[in-house]
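Data from input10.pdb: PDB, C-alpha atoms, pLDDT in the B column
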ATOM      1  CA  MET A   1     -23.182 193.343-254.714  1.00 74.00           C
ATOM      2  CA  ILE A   2     -24.557 193.922-251.206  1.00 79.00           C
ATOM      3  CA  LEU A   3     -22.565 192.757-248.192  1.00 81.00           C
ATOM      4  CA  ASP A   4     -22.924 192.969-244.434  1.00 85.00           C
ATOM      5  CA  VAL A   5     -19.476 193.609-242.960  1.00 86.00           C
ATOM      6  CA  ARG A   6     -18.565 193.517-239.262  1.00 88.00           C
ATOM      7  CA  ILE A   7     -15.977 196.192-238.520  1.00 84.00           C
ATOM      8  CA  GLY A   8     -14.826 196.588-234.938  1.00 75.00           C
ATOM      9  CA  GLY A   9     -17.909 194.834-233.536  1.00 79.00           C
ATOM     10  CA  ARG A  10     -20.337 196.956-235.586  1.00 88.00           C
ATOM     11  CA  THR A  11     -22.189 195.516-238.597  1.00 89.00           C
ATOM     12  CA  ARG A  12     -22.286 197.811-241.637  1.00 89.00           C
ATOM     13  CA  ARG A  13     -24.225 197.406-244.902  1.00 87.00           C
ATOM     14  CA  VAL A  14     -21.919 197.859-247.927  1.00 84.00           C
ATOM     15  CA  GLU A  15     -23.138 197.956-251.527  1.00 86.00           C
ATOM     16  CA  VAL A  16     -20.551 197.924-254.318  1.00 81.00           C
ATOM     17  CA  GLU A  17     -21.271 198.505-258.000  1.00 84.00           C
ATOM     18  CA  ARG A  18     -18.454 198.296-260.544  1.00 77.00           C
ATOM     19  CA  GLN A  19     -18.581 200.628-263.558  1.00 74.00           C
ATOM     20  CA  GLY A  20     -15.458 199.898-265.580  1.00 66.00           C
ATOM     21  CA  SER A  21     -12.499 200.910-263.417  1.00 64.00           C
ATOM     22  CA  ARG A  22     -14.735 202.996-261.124  1.00 79.00           C
ATOM     23  CA  LEU A  23     -16.565 201.779-258.069  1.00 82.00           C
ATOM     24  CA  ARG A  24     -19.787 203.195-256.699  1.00 85.00           C
ATOM     25  CA  VAL A  25     -19.955 202.332-253.004  1.00 84.00           C
ATOM     26  CA  GLN A  26     -22.747 202.845-250.477  1.00 87.00           C
ATOM     27  CA  LEU A  27     -21.886 202.465-246.805  1.00 84.00           C
ATOM     28  CA  ASP A  28     -24.981 202.386-244.605  1.00 83.00           C
ATOM     29  CA  GLY A  29     -26.824 204.326-247.346  1.00 84.00           C
ATOM     30  CA  ARG A  30     -24.110 206.998-247.795  1.00 89.00           C
ATOM     31  CA  ALA A  31     -22.756 207.081-251.389  1.00 88.00           C
ATOM     32  CA  PHE A  32     -19.093 207.309-252.433  1.00 85.00           C
ATOM     33  CA  GLU A  33     -17.267 207.235-255.784  1.00 86.00           C
ATOM     34  CA  ALA A  34     -13.915 205.450-255.830  1.00 85.00           C
ATOM     35  CA  ASP A  35     -11.099 204.244-258.064  1.00 86.00           C
ATOM     36  CA  ALA A  36      -9.078 201.309-256.737  1.00 81.00           C
ATOM     37  CA  VAL A  37      -5.898 199.790-258.162  1.00 80.00           C
ATOM     38  CA  GLU A  38      -3.905 196.923-256.644  1.00 75.00           C
ATOM     39  CA  VAL A  39      -0.328 198.248-256.669  1.00 77.00           C
ATOM     40  CA  ALA A  40       1.211 195.213-254.941  1.00 77.00           C
ATOM     41  CA  PRO A  41      -0.226 191.985-253.538  1.00 76.00           C
ATOM     42  CA  GLY A  42      -2.610 193.032-250.768  1.00 80.00           C
ATOM     43  CA  THR A  43      -1.856 196.756-251.225  1.00 83.00           C
ATOM     44  CA  TYR A  44      -4.321 199.062-252.947  1.00 82.00           C
ATOM     45  CA  SER A  45      -4.180 202.677-254.052  1.00 85.00           C
ATOM     46  CA  ILE A  46      -7.672 204.101-253.635  1.00 86.00           C
ATOM     47  CA  LEU A  47      -8.936 207.497-254.742  1.00 87.00           C
ATOM     48  CA  LEU A  48     -12.056 208.120-252.642  1.00 80.00           C
ATOM     49  CA  ASP A  49     -13.942 211.374-253.207  1.00 73.00           C
ATOM     50  CA  ALA A  50     -10.692 213.153-254.290  1.00 76.00           C
ATOM     51  CA  ARG A  51      -8.772 211.728-251.270  1.00 82.00           C
ATOM     52  CA  ALA A  52      -5.888 209.327-251.956  1.00 87.00           C
ATOM     53  CA  LEU A  53      -5.459 206.356-249.605  1.00 87.00           C
ATOM     54  CA  GLU A  54      -3.054 203.445-249.432  1.00 89.00           C
ATOM     55  CA  VAL A  55      -4.868 200.404-248.051  1.00 87.00           C
ATOM     56  CA  ARG A  56      -3.124 197.192-246.995  1.00 89.00           C
ATOM     57  CA  VAL A  57      -5.201 194.056-246.508  1.00 87.00           C
ATOM     58  CA  GLN A  58      -3.911 190.932-244.729  1.00 85.00           C
ATOM     59  CA  PRO A  59      -5.931 187.723-244.262  1.00 80.00           C
ATOM     60  CA  ALA A  60      -6.740 186.816-240.655  1.00 76.00           C
ATOM     61  CA  GLY A  61      -8.722 183.570-240.656  1.00 73.00           C
ATOM     62  CA  ASP A  62     -12.280 184.334-241.797  1.00 74.00           C
ATOM     63  CA  ALA A  63     -11.611 188.087-241.570  1.00 79.00           C
ATOM     64  CA  VAL A  64      -9.013 190.551-242.842  1.00 82.00           C
ATOM     65  CA  HIS A  65      -6.797 193.105-241.117  1.00 86.00           C
ATOM     66  CA  VAL A  66      -7.147 196.428-242.921  1.00 86.00           C
ATOM     67  CA  HIS A  67      -4.549 199.207-242.582  1.00 88.00           C
ATOM     68  CA  ALA A  68      -5.816 202.521-244.002  1.00 86.00           C
ATOM     69  CA  GLY A  69      -5.134 206.169-243.287  1.00 80.00           C
ATOM     70  CA  GLY A  70      -3.028 205.410-240.224  1.00 83.00           C
ATOM     71  CA  GLU A  71      -5.741 203.213-238.721  1.00 86.00           C
ATOM     72  CA  GLU A  72      -5.960 199.444-238.370  1.00 87.00           C
ATOM     73  CA  PHE A  73      -9.116 197.391-237.974  1.00 86.00           C
ATOM     74  CA  LEU A  74     -10.499 193.895-238.428  1.00 87.00           C
ATOM     75  CA  ALA A  75     -13.239 193.394-241.052  1.00 86.00           C
ATOM     76  CA  GLU A  76     -15.350 190.262-241.503  1.00 87.00           C
ATOM     77  CA  VAL A  77     -17.848 189.738-244.317  1.00 81.00           C
ATOM     78  CA  LEU A  78     -21.007 188.169-242.920  1.00 80.00           C
ATOM     79  CA  ASP A  79     -22.371 185.734-245.501  1.00 65.00           C
ATOM     80  CA  PRO A  80     -25.907 184.510-244.761  1.00 54.00           C
ATOM     81  CA  ARG A  81     -25.291 181.551-247.094  1.00 53.00           C
ATOM     82  CA  ALA A  82     -22.631 180.284-244.675  1.00 49.00           C
ATOM     83  CA  TRP A  83     -24.932 180.350-241.623  1.00 41.00           C
ATOM     84  CA  ARG A  84     -24.915 177.065-239.718  1.00 38.00           C
ATOM     85  CA  GLY A  85     -27.727 175.886-237.461  1.00 38.00           C
ATOM     86  CA  LYS A  86     -27.238 174.276-234.063  1.00 33.00           C
ATOM     87  CA  ARG A  87     -26.721 170.823-235.567  1.00 34.00           C
ATOM     88  CA  GLY A  88     -24.122 172.083-238.053  1.00 36.00           C
ATOM     89  CA  GLY A  89     -26.353 171.868-241.111  1.00 37.00           C
ATOM     90  CA  VAL A  90     -25.996 174.538-243.766  1.00 39.00           C
ATOM     91  CA  LEU A  91     -29.026 176.768-244.342  1.00 41.00           C
ATOM     92  CA  LYS A  92     -30.811 175.497-247.458  1.00 50.00           C
ATOM     93  CA  LEU A  93     -30.784 178.045-250.268  1.00 57.00           C
ATOM     94  CA  GLU A  94     -33.968 178.684-252.161  1.00 64.00           C
ATOM     95  CA  GLY A  95     -34.777 180.542-255.372  1.00 75.00           C
ATOM     96  CA  ARG A  96     -32.428 181.858-258.020  1.00 83.00           C
ATOM     97  CA  GLN A  97     -28.803 182.159-256.861  1.00 85.00           C
ATOM     98  CA  GLN A  98     -26.227 184.300-258.645  1.00 87.00           C
ATOM     99  CA  ILE A  99     -22.725 182.894-258.481  1.00 88.00           C
ATOM    100  CA  ILE A 100     -20.065 185.592-258.433  1.00 85.00           C
ATOM    101  CA  ALA A 101     -16.357 185.409-259.139  1.00 85.00           C
ATOM    102  CA  PRO A 102     -14.580 185.366-255.758  1.00 80.00           C
ATOM    103  CA  MET A 103     -11.403 186.798-257.281  1.00 83.00           C
ATOM    104  CA  PRO A 104     -10.161 188.263-260.559  1.00 89.00           C
ATOM    105  CA  GLY A 105      -8.856 185.648-262.960  1.00 91.00           C
ATOM    106  CA  LYS A 106      -9.438 183.738-266.163  1.00 94.00           C
ATOM    107  CA  VAL A 107     -12.083 181.083-266.838  1.00 94.00           C
ATOM    108  CA  VAL A 108     -10.066 178.039-267.926  1.00 95.00           C
ATOM    109  CA  ARG A 109     -12.794 175.379-268.026  1.00 95.00           C
ATOM    110  CA  LEU A 110     -16.590 175.154-268.041  1.00 95.00           C
ATOM    111  CA  LEU A 111     -17.793 171.989-266.293  1.00 95.00           C
ATOM    112  CA  VAL A 112     -21.519 172.417-267.102  1.00 95.00           C
ATOM    113  CA  LYS A 113     -23.675 174.087-269.730  1.00 94.00           C
ATOM    114  CA  THR A 114     -26.877 176.106-269.584  1.00 95.00           C
ATOM    115  CA  GLY A 115     -29.833 173.844-268.795  1.00 95.00           C
ATOM    116  CA  ASP A 116     -27.814 171.212-266.906  1.00 95.00           C
ATOM    117  CA  THR A 117     -29.161 169.987-263.566  1.00 95.00           C
ATOM    118  CA  VAL A 118     -26.585 170.319-260.765  1.00 93.00           C
ATOM    119  CA  GLU A 119     -26.284 169.189-257.158  1.00 90.00           C
ATOM    120  CA  ALA A 120     -25.240 171.496-254.327  1.00 84.00           C
ATOM    121  CA  GLY A 121     -21.437 171.559-254.226  1.00 83.00           C
ATOM    122  CA  GLN A 122     -21.015 170.326-257.808  1.00 90.00           C
ATOM    123  CA  GLY A 123     -18.334 172.124-259.831  1.00 90.00           C
ATOM    124  CA  LEU A 124     -19.621 174.644-262.383  1.00 93.00           C
ATOM    125  CA  LEU A 125     -16.409 176.123-263.778  1.00 93.00           C
ATOM    126  CA  VAL A 126     -12.733 176.645-263.025  1.00 92.00           C
ATOM    127  CA  VAL A 127     -11.162 180.091-262.607  1.00 91.00           C
ATOM    128  CA  GLU A 128      -7.383 180.468-262.665  1.00 91.00           C
ATOM    129  CA  ALA A 129      -6.013 183.218-260.435  1.00 86.00           C
ATOM    130  CA  MET A 130      -2.377 183.741-259.451  1.00 82.00           C
ATOM    131  CA  LYS A 131      -1.431 180.464-261.176  1.00 82.00           C
ATOM    132  CA  MET A 132      -3.898 178.483-259.039  1.00 86.00           C
ATOM    133  CA  GLN A 133      -7.036 176.849-260.375  1.00 88.00           C
ATOM    134  CA  ASN A 134     -10.169 177.369-258.269  1.00 85.00           C
ATOM    135  CA  GLU A 135     -13.292 175.299-258.875  1.00 88.00           C
ATOM    136  CA  ILE A 136     -16.451 177.370-258.466  1.00 89.00           C
ATOM    137  CA  ARG A 137     -19.252 175.160-257.101  1.00 88.00           C
ATOM    138  CA  ALA A 138     -23.037 175.273-257.193  1.00 87.00           C
ATOM    139  CA  PRO A 139     -24.484 176.804-254.004  1.00 82.00           C
ATOM    140  CA  LYS A 140     -27.658 174.696-254.274  1.00 85.00           C
ATOM    141  CA  THR A 141     -29.297 171.854-256.164  1.00 89.00           C
ATOM    142  CA  GLY A 142     -31.046 173.174-259.255  1.00 92.00           C
ATOM    143  CA  LYS A 143     -30.735 173.941-262.932  1.00 95.00           C
ATOM    144  CA  VAL A 144     -28.050 176.116-264.543  1.00 94.00           C
ATOM    145  CA  GLU A 145     -30.166 178.993-265.795  1.00 95.00           C
ATOM    146  CA  ARG A 146     -27.320 180.993-267.293  1.00 93.00           C
ATOM    147  CA  LEU A 147     -23.552 180.898-267.751  1.00 94.00           C
ATOM    148  CA  ALA A 148     -22.374 184.497-268.097  1.00 93.00           C
ATOM    149  CA  VAL A 149     -18.808 183.562-269.093  1.00 95.00           C
ATOM    150  CA  SER A 150     -16.966 181.448-271.633  1.00 94.00           C
ATOM    151  CA  GLU A 151     -13.652 179.605-271.564  1.00 95.00           C
ATOM    152  CA  GLY A 152     -10.685 181.959-271.862  1.00 95.00           C
ATOM    153  CA  GLN A 153     -12.668 184.966-270.606  1.00 95.00           C
ATOM    154  CA  ALA A 154     -11.186 187.243-267.930  1.00 95.00           C
ATOM    155  CA  VAL A 155     -13.419 187.943-264.917  1.00 93.00           C
ATOM    156  CA  ASN A 156     -13.327 190.525-262.139  1.00 90.00           C
ATOM    157  CA  ALA A 157     -13.986 189.824-258.468  1.00 84.00           C
ATOM    158  CA  GLY A 158     -17.683 190.256-257.748  1.00 83.00           C
ATOM    159  CA  GLU A 159     -18.766 189.724-261.356  1.00 88.00           C
ATOM    160  CA  VAL A 160     -21.770 187.432-261.928  1.00 89.00           C
ATOM    161  CA  ILE A 161     -20.483 184.306-263.687  1.00 93.00           C
ATOM    162  CA  ALA A 162     -23.505 181.977-263.499  1.00 92.00           C
ATOM    163  CA  VAL A 163     -27.082 181.664-262.248  1.00 92.00           C
ATOM    164  CA  VAL A 164     -28.564 178.513-260.709  1.00 92.00           C
ATOM    165  CA  ALA A 165     -32.347 178.377-260.222  1.00 89.00           C
TER     166      ALA A 165
END

Can the structure in the file be given as structure tokens, please?
Amino acid sequence: MILDVRIGGRTRRVEVERQGSRLRVQLDGRAFEADAVEVAPGTYSILLDARALEVRVQPAGDAVHVHAGGEEFLAEVLDPRAWRGKRGGVLKLEGRQQIIAPMPGKVVRLLVKTGDTVEAGQGLLVVEAMKMQNEIRAPKTGKVERLAVSEGQAVNAGEVIAVVA
């Protein structure tokens, strides 16, 4: 998963690849290996290149406050899919779109099947996380090319769960 993240007024390119419990992270092209475990809600124990860090994350509107290594900063993920033009219209998505799990949880219901035609904003599946059910919606009008999950399956944040073409 590739993200542009604004940290302290500077935009950084972050690429994250999950390999089991390990993470391979590239920050502006510089590679890191990491292990991350959530030890309490919003608190993570991270082993980054043999350095242990405790990281606390608190929501702050569309951004998050991050406390790490004695420092505090504001981080905002810049999502080009959420760009709005001057008249408030959402940028129209084109081509194949991968839908990723926004949080770890369990797939409790599939609302479509492979081959179904869907409208932008239509529900695709429901993921239960922290005892709340979250409907994952189609980002564009198109056809469900692939469902990568089944009912009852656990998913990790950032995992591809469906593809709409």

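If all atoms listed in the file are the atoms counted, then among A:Val25, A:Asn156, A:Leu53, A:Gly8 the closest residue to Glu72 (chain A) is A:Gly8.
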
Provide the CA of Glu151 (chain A) to CA of Val37 (chain A) distance in Å, to one decimal place. 25.4 Å

For CA of Gln26 (chain A) and CA of Ile2 (chain A), determine how far apart the two atoms are, in Å to one decimal place. 9.1 Å

Give me the residues near Arg51 (chain A) as a list in words, where near means some atom within 12 Å (using only C-alpha atoms) and where sequence neighbours in that chain fewer than 3 positions away do not count.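 The contact residues come out as Phe32, Glu33, Ala34, Asp35, Ala36, Ser45, Ile46, Leu47, Leu48, Glu54 and Gly69 of chain A.
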
Return as a ChimeraX atom specification the set of residues that the PyMOL selection byres ((chain A and resi 144-148) around 8) yields on the displayed structure. /A:112-118,142-143,149-150,160-165

Output the residue selection produced by the PyMOL selection byres ((chain A and resi 132) around 12) on the file above, formatted as a ChimeraX atom specification. /A:103-108,126-131,133-135

Just how far from CA of Arg12 (chain A) is CA of Val77 (chain A), in Å to one decimal? 9.6 Å

Which residues, named as in the file, does the PyMOL selection byres ((chain A and resi 102) around 7) pick out? Answer as an mmCIF file with C-alpha atoms, keeping the file's coordinate frame.
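Full text of part32.cif as output:
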data_model
loop_
_atom_site.group_PDB
_atom_site.id
_atom_site.type_symbol
_atom_site.label_atom_id
_atom_site.label_comp_id
_atom_site.auth_asym_id
_atom_site.auth_seq_id
_atom_site.Cartn_x
_atom_site.Cartn_y
_atom_site.Cartn_z
ATOM 1 C CA ILE A 100 -20.065 185.592 -258.433
ATOM 2 C CA ALA A 101 -16.357 185.409 -259.139
ATOM 3 C CA MET A 103 -11.403 186.798 -257.281
ATOM 4 C CA ALA A 157 -13.986 189.824 -258.468
ATOM 5 C CA GLY A 158 -17.683 190.256 -257.748
#

I need the residue nearest Pro139 (chain A) from this list: A:Ala40, A:Ile7, A:Leu124, A:Ala52. Use only C-alpha atoms for the distance.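 Of A:Ala40, A:Ile7, A:Leu124, A:Ala52, the one nearest Pro139 (chain A), counting only C-alpha atoms, is A:Leu124.
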
Give me the residues within 10 Å of Val66 (chain A) as an NGL selection string, counting all atoms listed in the file and dropping any in the same chain fewer than 6 places off. :A and (7 or 42-43 or 55-60 or 72-75)

Which one of A:Ile99, A:Ala68, A:Ala154, A:Val14 sits closest to Ala138 (chain A) if you count all atoms listed in the file?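 Ranking A:Ile99, A:Ala68, A:Ala154, A:Val14 by distance to Ala138 (chain A), first place goes to A:Ile99.
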
Hey, which of A:Glu76, A:Gly123, A:Val39, A:Val64 ends up closest to Gly9 (chain A)? Count only C-alpha atoms.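 Counting only C-alpha atoms, the residue closest to Gly9 (chain A) is A:Glu76.
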